[in-house]
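Undergrad: What follows is work.pdb; its format and atoms are PDB, C-alpha atoms.
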```pdb
ATOM      1  CA  MET A   1      63.961  43.660   4.909
ATOM      2  CA  TYR A   2      61.159  43.235   2.389
ATOM      3  CA  ALA A   3      62.466  45.785  -0.142
ATOM      4  CA  MET A   4      65.898  44.211  -0.300
ATOM      5  CA  HIS A   5      64.423  40.757  -0.815
ATOM      6  CA  GLU A   6      61.654  41.823  -3.214
ATOM      7  CA  PHE A   7      63.895  43.987  -5.382
ATOM      8  CA  GLY A   8      67.122  42.044  -4.969
ATOM      9  CA  TRP A   9      68.887  44.962  -3.312
ATOM     10  CA  THR A  10      71.916  44.663  -1.092
ATOM     11  CA  PRO A  11      71.966  46.524   2.232
ATOM     12  CA  GLN A  12      74.366  49.023   0.688
ATOM     13  CA  GLN A  13      72.018  49.687  -2.235
ATOM     14  CA  TRP A  14      69.236  50.406   0.255
ATOM     15  CA  LEU A  15      71.491  52.733   2.242
ATOM     16  CA  ASP A  16      72.580  54.473  -0.957
ATOM     17  CA  LEU A  17      68.994  55.583  -1.594
ATOM     18  CA  SER A  18      68.167  59.078  -0.399
ATOM     19  CA  TYR A  19      65.800  59.534   2.524
ATOM     20  CA  LYS A  20      63.004  60.564   0.133
ATOM     21  CA  GLU A  21      63.606  57.506  -2.053
ATOM     22  CA  ARG A  22      63.410  55.186   0.957
ATOM     23  CA  VAL A  23      60.224  56.895   2.132
ATOM     24  CA  LEU A  24      58.722  56.410  -1.330
ATOM     25  CA  VAL A  25      59.670  52.714  -1.381
ATOM     26  CA  ILE A  26      58.195  52.168   2.085
ATOM     27  CA  ALA A  27      54.994  54.016   1.155
ATOM     28  CA  GLY A  28      54.685  51.898  -1.981
ATOM     29  CA  ILE A  29      55.130  48.697   0.000
ATOM     30  CA  ARG A  30      52.517  49.784   2.546
ATOM     31  CA  PHE A  31      50.081  50.700  -0.227
ATOM     32  CA  HIS A  32      50.675  47.344  -1.912
ATOM     33  CA  ASN A  33      50.114  45.496   1.372
ATOM     34  CA  GLU A  34      46.883  47.419   2.022
ATOM     35  CA  GLN A  35      45.634  46.550  -1.464
ATOM     36  CA  GLU A  36      46.490  42.870  -0.969
ATOM     37  CA  LYS A  37      44.720  42.840   2.400
ATOM     38  CA  ALA A  38      41.607  44.457   0.913
ATOM     39  CA  ALA A  39      41.585  41.956  -1.953
ATOM     40  CA  GLN A  40      41.949  39.058   0.497
ATOM     41  CA  GLU A  41      39.113  40.356   2.656
ATOM     42  CA  GLN A  42      36.919  40.776  -0.436
ATOM     43  CA  ALA A  43      37.675  37.237  -1.605
ATOM     44  CA  GLU A  44      36.902  35.839   1.843
ATOM     45  CA  ALA A  45      33.628  37.766   2.026
ATOM     46  CA  GLU A  46      32.599  36.523  -1.423
ATOM     47  CA  ALA A  47      33.476  32.938  -0.513
ATOM     48  CA  GLU A  48      31.520  33.203   2.728
ATOM     49  CA  ALA A  49      28.507  34.655   0.892
ATOM     50  CA  LYS A  50      28.659  31.813  -1.631
ATOM     51  CA  VAL A  51      28.695  29.222   1.160
ATOM     52  CA  ARG A  52      25.747  30.909   2.887
ATOM     53  CA  LYS A  53      23.819  31.019  -0.404
ATOM     54  CA  GLN A  54      24.482  27.337  -1.060
ATOM     55  CA  SER A  55      23.424  26.318   2.450
ATOM     56  CA  ARG A  56      20.104  28.153   2.086
ATOM     57  CA  HIS A  57      19.250  26.220  -1.091
ATOM     58  CA  ARG A  58      19.621  22.809   0.543
TER      59      ARG A  58
END
```
Once more with this new file: its structure as structure tokens, please.
TA:
Amino acid sequence: MYAMHEFGWTPQQWLDLSYKERVLVIAGIRFHNEQEKAAQEQAEAEAEAKVRKQSRHR
């Protein structure tokens, strides 16, 4: 599981978290992943626009 690997938790440490704590961790991971995906898409769009701009000037 991502949280155990990312935070260095053992399975027991994960299970020792309350339900609300686990929900919060999962929501944070999902938010982080969405932000990373958006940043990746933005970078790809900018790179593609740069390539298109360069090809028009040739």
Undergrad: To one decimal in Å, tell me the separation between CA of Leu15 (chain A) and CA of Arg30 (chain A).
TA: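 Atom-to-atom, CA of Leu15 (chain A) to CA of Arg30 (chain A), that is 19.2 Å.
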Undergrad: Using only C-alpha atoms, pick whichever of A:Thr10, A:Ala43, A:Met4, A:Ser55 has the shortest atom-to-atom distance to Ile29 (chain A).
TA: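 Among the listed residues, the smallest separation from Ile29 (chain A) belongs to A:Met4.
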Undergrad: Grab the CA of Ala38 (chain A) to CA of His5 (chain A) distance for me, in Å with one decimal place.
TA: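 Taking CA of Ala38 (chain A) and CA of His5 (chain A), their separation equals 23.2 Å.
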Undergrad: Distance CA of Gly28 (chain A)-CA of Glu44 (chain A), one decimal place?
TA: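 We find that CA of Gly28 (chain A) and CA of Glu44 (chain A) lie 24.3 Å from each other.
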Undergrad: Given all atoms listed in the file as the basis, pick out the residue of A:Gln42, A:Gln12, A:Ala3, A:Ala49 nearest to Ala27 (chain A).
TA: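 For Ala27 (chain A), the nearest of the candidates is A:Ala3.
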